[in-house]
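In what follows, a structure is listed as structure tokens, so that the remarks can point back to it.
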Amino acid sequence: MKESLSEKPTVDFTQPYPVFTEEMKATHTILVPDMLPWHFDLLVHVMRRAGYQVEVLHNEGRAVIDEGLKHVHNDTCFPALCVIGQYLDALKSGKYDPARTAVLITQSGGGCRASNYVSLIRKALAAEFPKVPVLSLNFSGLEKGNALKLSAGDFFRLAYAIYYGDLIMTCFNQTKPYEREEGAAAKARAACVEKMKAALDGGKYKRLRACAKFILKTFAAVPVLQAEKVKVGIVGEIYVKYSPLGNSHLEDFLLSEGCEPVVPALMDFILYCVINTVNDAKFYGQGRGKALAFAVAYRWLYGKQKKLIRLMKKQGRFAPLHDFEHLRRCADAVIHQGVKMGEGWLIPAEMAALAETGTENIVCAQPFGCLPNHIAGKGAVRAIKQLYEYVNVVPVDYDPSATRVNQENRIKLMLATARENARRKRS
């Protein structure tokens, strides 16, 4: 009897999954889901230097979401659906040879997506592209036989790339809304990215002062208008906080509304993951040996952040990044630092720090299926409002059924309140 054309092929999930071998570095293209376009441009550059053929995906649209819905359980979080849908849509586009393609996902080693995405991605790929390996980039010892292999020097380069990406993103967002000439801020951003790539190719990437000064000087040279704009902070689950696919191009929408987007640094999330490992030993008595190593890493990373903040303050044109130790103190006023599932205590900490530094209007991006985010994000809004009189927070849900129009309408209501508050303060 012939098999029905509508019947899906049976997949044996007990079979070993495909492994990315050393030889595949020369033959395989590694696909990376888009999250932070300008950061990822620098991070991918480091991976290419290490011999990997890496490409960031930029495919969007309903086809991506539909692919995710077909291959991910309905109760799985929206970021997982977006990432898996983007992989599958790209593999079906005909642009890539499945026999010479792999996919890469980052893992922090925490709960939720931070540890479980690899198995979800493998099951989704096994249904249609069973020969595509899944690689992991992590610092937690996960996927030891199938992790991206980088040297110590490459890891240092990745850290510096994140710092420079954070600085470029911050300066761009503080320049773009005020530029006199359309596109001038984008040109400055492109010039800074290329300059940082050149620095990463040699040893100059370690010259934090020189690289940061170049970025600050380049953006400061952009002619700007002396105008007052509504500042809107963006917090929430890390993927929808940054990803244009996940948050329906939230930053672009805020810019179109005449606002200044204020987006927390990616390094804050890295420091959050590192210090949580240290806190595990302090609060729960777990992994004391591992905590010592992470404490050393934390001191080095935090020291670099402090240096960047000093340079920004000295330059004077741009509001500096948030000091991570201050973020921890902000968290302590709202929630315990032992609450670390997902983005945990970092979300209320960022909301408090934004409110303290004049960004009282905040979008809290809430992806479907992310219970920790709803508890530590939406659940902390009342406490934040009790601490800061004029804080104006709107939780916005991002899920497969939510329309961009509805999301933007909720934000427009928040902006109406923001403008009314601004008029009230002026009078």
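Letters A, B, ... mark the chains of the structure tokens in the order given; residue numbers begin at 1 per chain; ligand numbers begin at 1, in order shown.
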
In region 160-265 of chain A, DSSP helix (DSSP H, G or I) residues written as a PyMOL selection string: chain A and resi 160-178+184-201+204-206+208-220+238-242+250-256

Residue contacts of region 180-191 of chain A (8 Å, only C-alpha atoms) excluding same-chain residues fewer than 6 positions away, as a VMD selection string: chain A and resid 168 172 218 to 219 222 to 225

Any idea what's packed within 12 Å of region 382-384 of chain A, counting only C-alpha atoms, ignoring anything in its chain fewer than 4 positions away? Could you give it as a compact mmCIF listing (two decimals) with N, CA and C atoms, in the first residue's frame?
# COMPACT_ATOMS: atom_id res chain seq x y z
N CYS A 330 19.94 48.08 43.22
CA CYS A 330 18.57 48.37 42.80
C CYS A 330 17.68 47.14 42.95
N ALA A 331 18.22 45.99 42.60
CA ALA A 331 17.45 44.74 42.73
C ALA A 331 17.10 44.47 44.19
N ASP A 332 18.05 44.73 45.08
CA ASP A 332 17.84 44.43 46.50
C ASP A 332 16.66 45.21 47.09
N ALA A 333 16.31 46.34 46.47
CA ALA A 333 15.18 47.13 46.97
C ALA A 333 13.85 46.54 46.54
N VAL A 334 13.87 45.56 45.63
CA VAL A 334 12.64 45.03 45.07
C VAL A 334 12.51 43.53 45.25
N ILE A 335 13.61 42.80 45.02
CA ILE A 335 13.53 41.34 44.95
C ILE A 335 14.88 40.75 45.38
N ILE A 347 15.56 42.08 35.71
CA ILE A 347 14.51 42.90 35.11
C ILE A 347 14.09 44.04 36.03
N PRO A 348 13.68 43.77 37.30
CA PRO A 348 13.34 44.91 38.17
C PRO A 348 14.54 45.81 38.45
N ALA A 349 15.75 45.24 38.46
CA ALA A 349 16.95 46.06 38.67
C ALA A 349 17.12 47.07 37.54
N GLU A 350 16.91 46.62 36.30
CA GLU A 350 17.03 47.52 35.15
C GLU A 350 15.93 48.57 35.15
N MET A 351 14.71 48.17 35.52
CA MET A 351 13.62 49.16 35.59
C MET A 351 13.94 50.24 36.62
N ALA A 352 14.44 49.84 37.78
CA ALA A 352 14.78 50.80 38.83
C ALA A 352 15.92 51.72 38.39
N ALA A 353 16.95 51.15 37.79
CA ALA A 353 18.08 51.95 37.34
C ALA A 353 17.68 52.93 36.25
N LEU A 354 16.80 52.51 35.34
CA LEU A 354 16.29 53.42 34.31
C LEU A 354 15.52 54.58 34.93
N ALA A 355 14.65 54.26 35.88
CA ALA A 355 13.85 55.31 36.52
C ALA A 355 14.74 56.30 37.26
N GLU A 356 15.79 55.82 37.91
CA GLU A 356 16.70 56.69 38.65
C GLU A 356 17.48 57.64 37.75
N GLU A 360 11.89 57.23 32.77
CA GLU A 360 10.77 56.77 33.60
C GLU A 360 9.72 56.01 32.80
N ASN A 361 9.84 56.02 31.48
CA ASN A 361 8.90 55.31 30.61
C ASN A 361 9.56 54.02 30.13
N ILE A 362 8.92 52.90 30.41
CA ILE A 362 9.58 51.61 30.19
C ILE A 362 8.62 50.62 29.54
N ILE A 375 6.75 36.84 36.18
CA ILE A 375 6.80 37.01 37.63
C ILE A 375 7.76 38.12 38.01
N ALA A 376 8.99 38.05 37.49
CA ALA A 376 10.01 39.03 37.86
C ALA A 376 9.87 40.33 37.08
N GLY A 377 9.14 40.30 35.96
CA GLY A 377 8.94 41.51 35.17
C GLY A 377 7.62 42.18 35.52
N LYS A 378 6.53 41.66 34.97
CA LYS A 378 5.21 42.23 35.25
C LYS A 378 4.89 42.20 36.74
N TYR A 388 9.17 54.70 42.70
CA TYR A 388 9.41 55.82 41.79
C TYR A 388 8.06 56.38 41.34
N GLU A 389 7.76 57.60 41.79
CA GLU A 389 6.43 58.19 41.64
C GLU A 389 5.98 58.28 40.18
N TYR A 390 6.88 58.69 39.29
CA TYR A 390 6.47 58.97 37.91
C TYR A 390 6.80 57.84 36.93
N VAL A 391 7.21 56.69 37.42
CA VAL A 391 7.56 55.61 36.50
C VAL A 391 6.31 55.16 35.74
N ASN A 392 6.49 54.90 34.46
CA ASN A 392 5.37 54.61 33.55
C ASN A 392 5.73 53.34 32.78
N VAL A 393 5.30 52.19 33.30
CA VAL A 393 5.69 50.89 32.75
C VAL A 393 4.51 50.25 32.02
N VAL A 394 4.77 49.75 30.82
CA VAL A 394 3.75 49.00 30.10
C VAL A 394 4.31 47.62 29.73
N PRO A 395 3.75 46.55 30.30
CA PRO A 395 4.13 45.20 29.85
C PRO A 395 3.47 44.92 28.50

Residue contacts of region 311-326 of chain A (8 Å, only C-alpha atoms) excluding same-chain residues fewer than 6 positions away, as a count of residues only: 15

With only C-alpha atoms as the counted atoms, please give the residues lying no more than 9 Å from Asn59 (chain A), apart from itself and same-chain residues fewer than 5 positions off, as a CSV table (one decimal) with N, CA and C atoms, in the first residue's frame.
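The result, written out as result-v2.csv:
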chain,number,residue,atom,x,y,z
A,34,ASP,N,19.2,35.8,14.5
A,34,ASP,CA,19.4,37.2,14.7
A,34,ASP,C,18.9,37.6,16.1
A,64,VAL,N,8.3,32.6,9.0
A,64,VAL,CA,9.2,32.2,10.1
A,64,VAL,C,8.4,31.7,11.3
A,86,GLN,N,13.1,30.5,12.4
A,86,GLN,CA,14.1,31.1,11.6
A,86,GLN,C,15.1,30.1,10.9
A,89,ASP,N,13.0,28.1,8.2
A,89,ASP,CA,12.7,28.9,7.1
A,89,ASP,C,13.9,29.1,6.2
A,90,ALA,N,15.1,29.3,6.9
A,90,ALA,CA,16.3,29.5,6.1
A,90,ALA,C,16.7,28.3,5.4
A,245,LEU,N,13.1,40.6,15.3
A,245,LEU,CA,12.1,39.6,15.0
A,245,LEU,C,11.2,39.3,16.2

Surrounding residues of Gly342 (chain A) excluding itself and chain neighbours under 4 positions, 10 Å, only C-alpha atoms, as a list in words: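 Skipping anything fewer than 4 positions along the chain leaves Ser108, Gly110, Gly111, Cys112, Arg113, Ala114, Gly236, Glu237, Ile238, Cys273, Leu346, Ile347, Cys370, Leu371, Pro372, Asn373 and Ala376 of chain A.
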
Residue list (strand (DSSP E), DSSP) for region 26-208 of chain A, as a list in words: Thr29, Ile30, Leu31, Val32, Gln53, Val54, Glu55, Val56, Thr101, Ala102, Val103, Leu104, Ile105, Thr106, Gln107, Val134, Leu135, Ser136, Leu137 and Asn138 of chain A

Selected residue, from A:Glu55, A:Asp41, A:Glu228, A:Asp252, that lies nearest to Leu200 (chain A) when counting only C-alpha atoms: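 Smallest separation from Leu200 (chain A) among the options: A:Asp41.
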
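In this model, the gap between CA of Ala26 (chain A) and CA of Lys92 (chain A) comes to 22.4 Å.
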
Neighbour list for Met47 (chain A) as a PyMOL selection string, cut-off 8 Å, only C-alpha atoms, skip fewer than 5 positions in-chain: chain A and resi 52-54+150+154

Residue nearest Glu22 (chain A) - candidates A:Glu128, A:Leu36, A:Asn146, A:Tyr298, atoms counted: only C-alpha atoms: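 Of A:Glu128, A:Leu36, A:Asn146, A:Tyr298, the one nearest Glu22 (chain A), counting only C-alpha atoms, is A:Asn146.
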
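Across the model, the gap from CA of Ile121 (chain A) to CA of Arg48 (chain A) is 23.1 Å.
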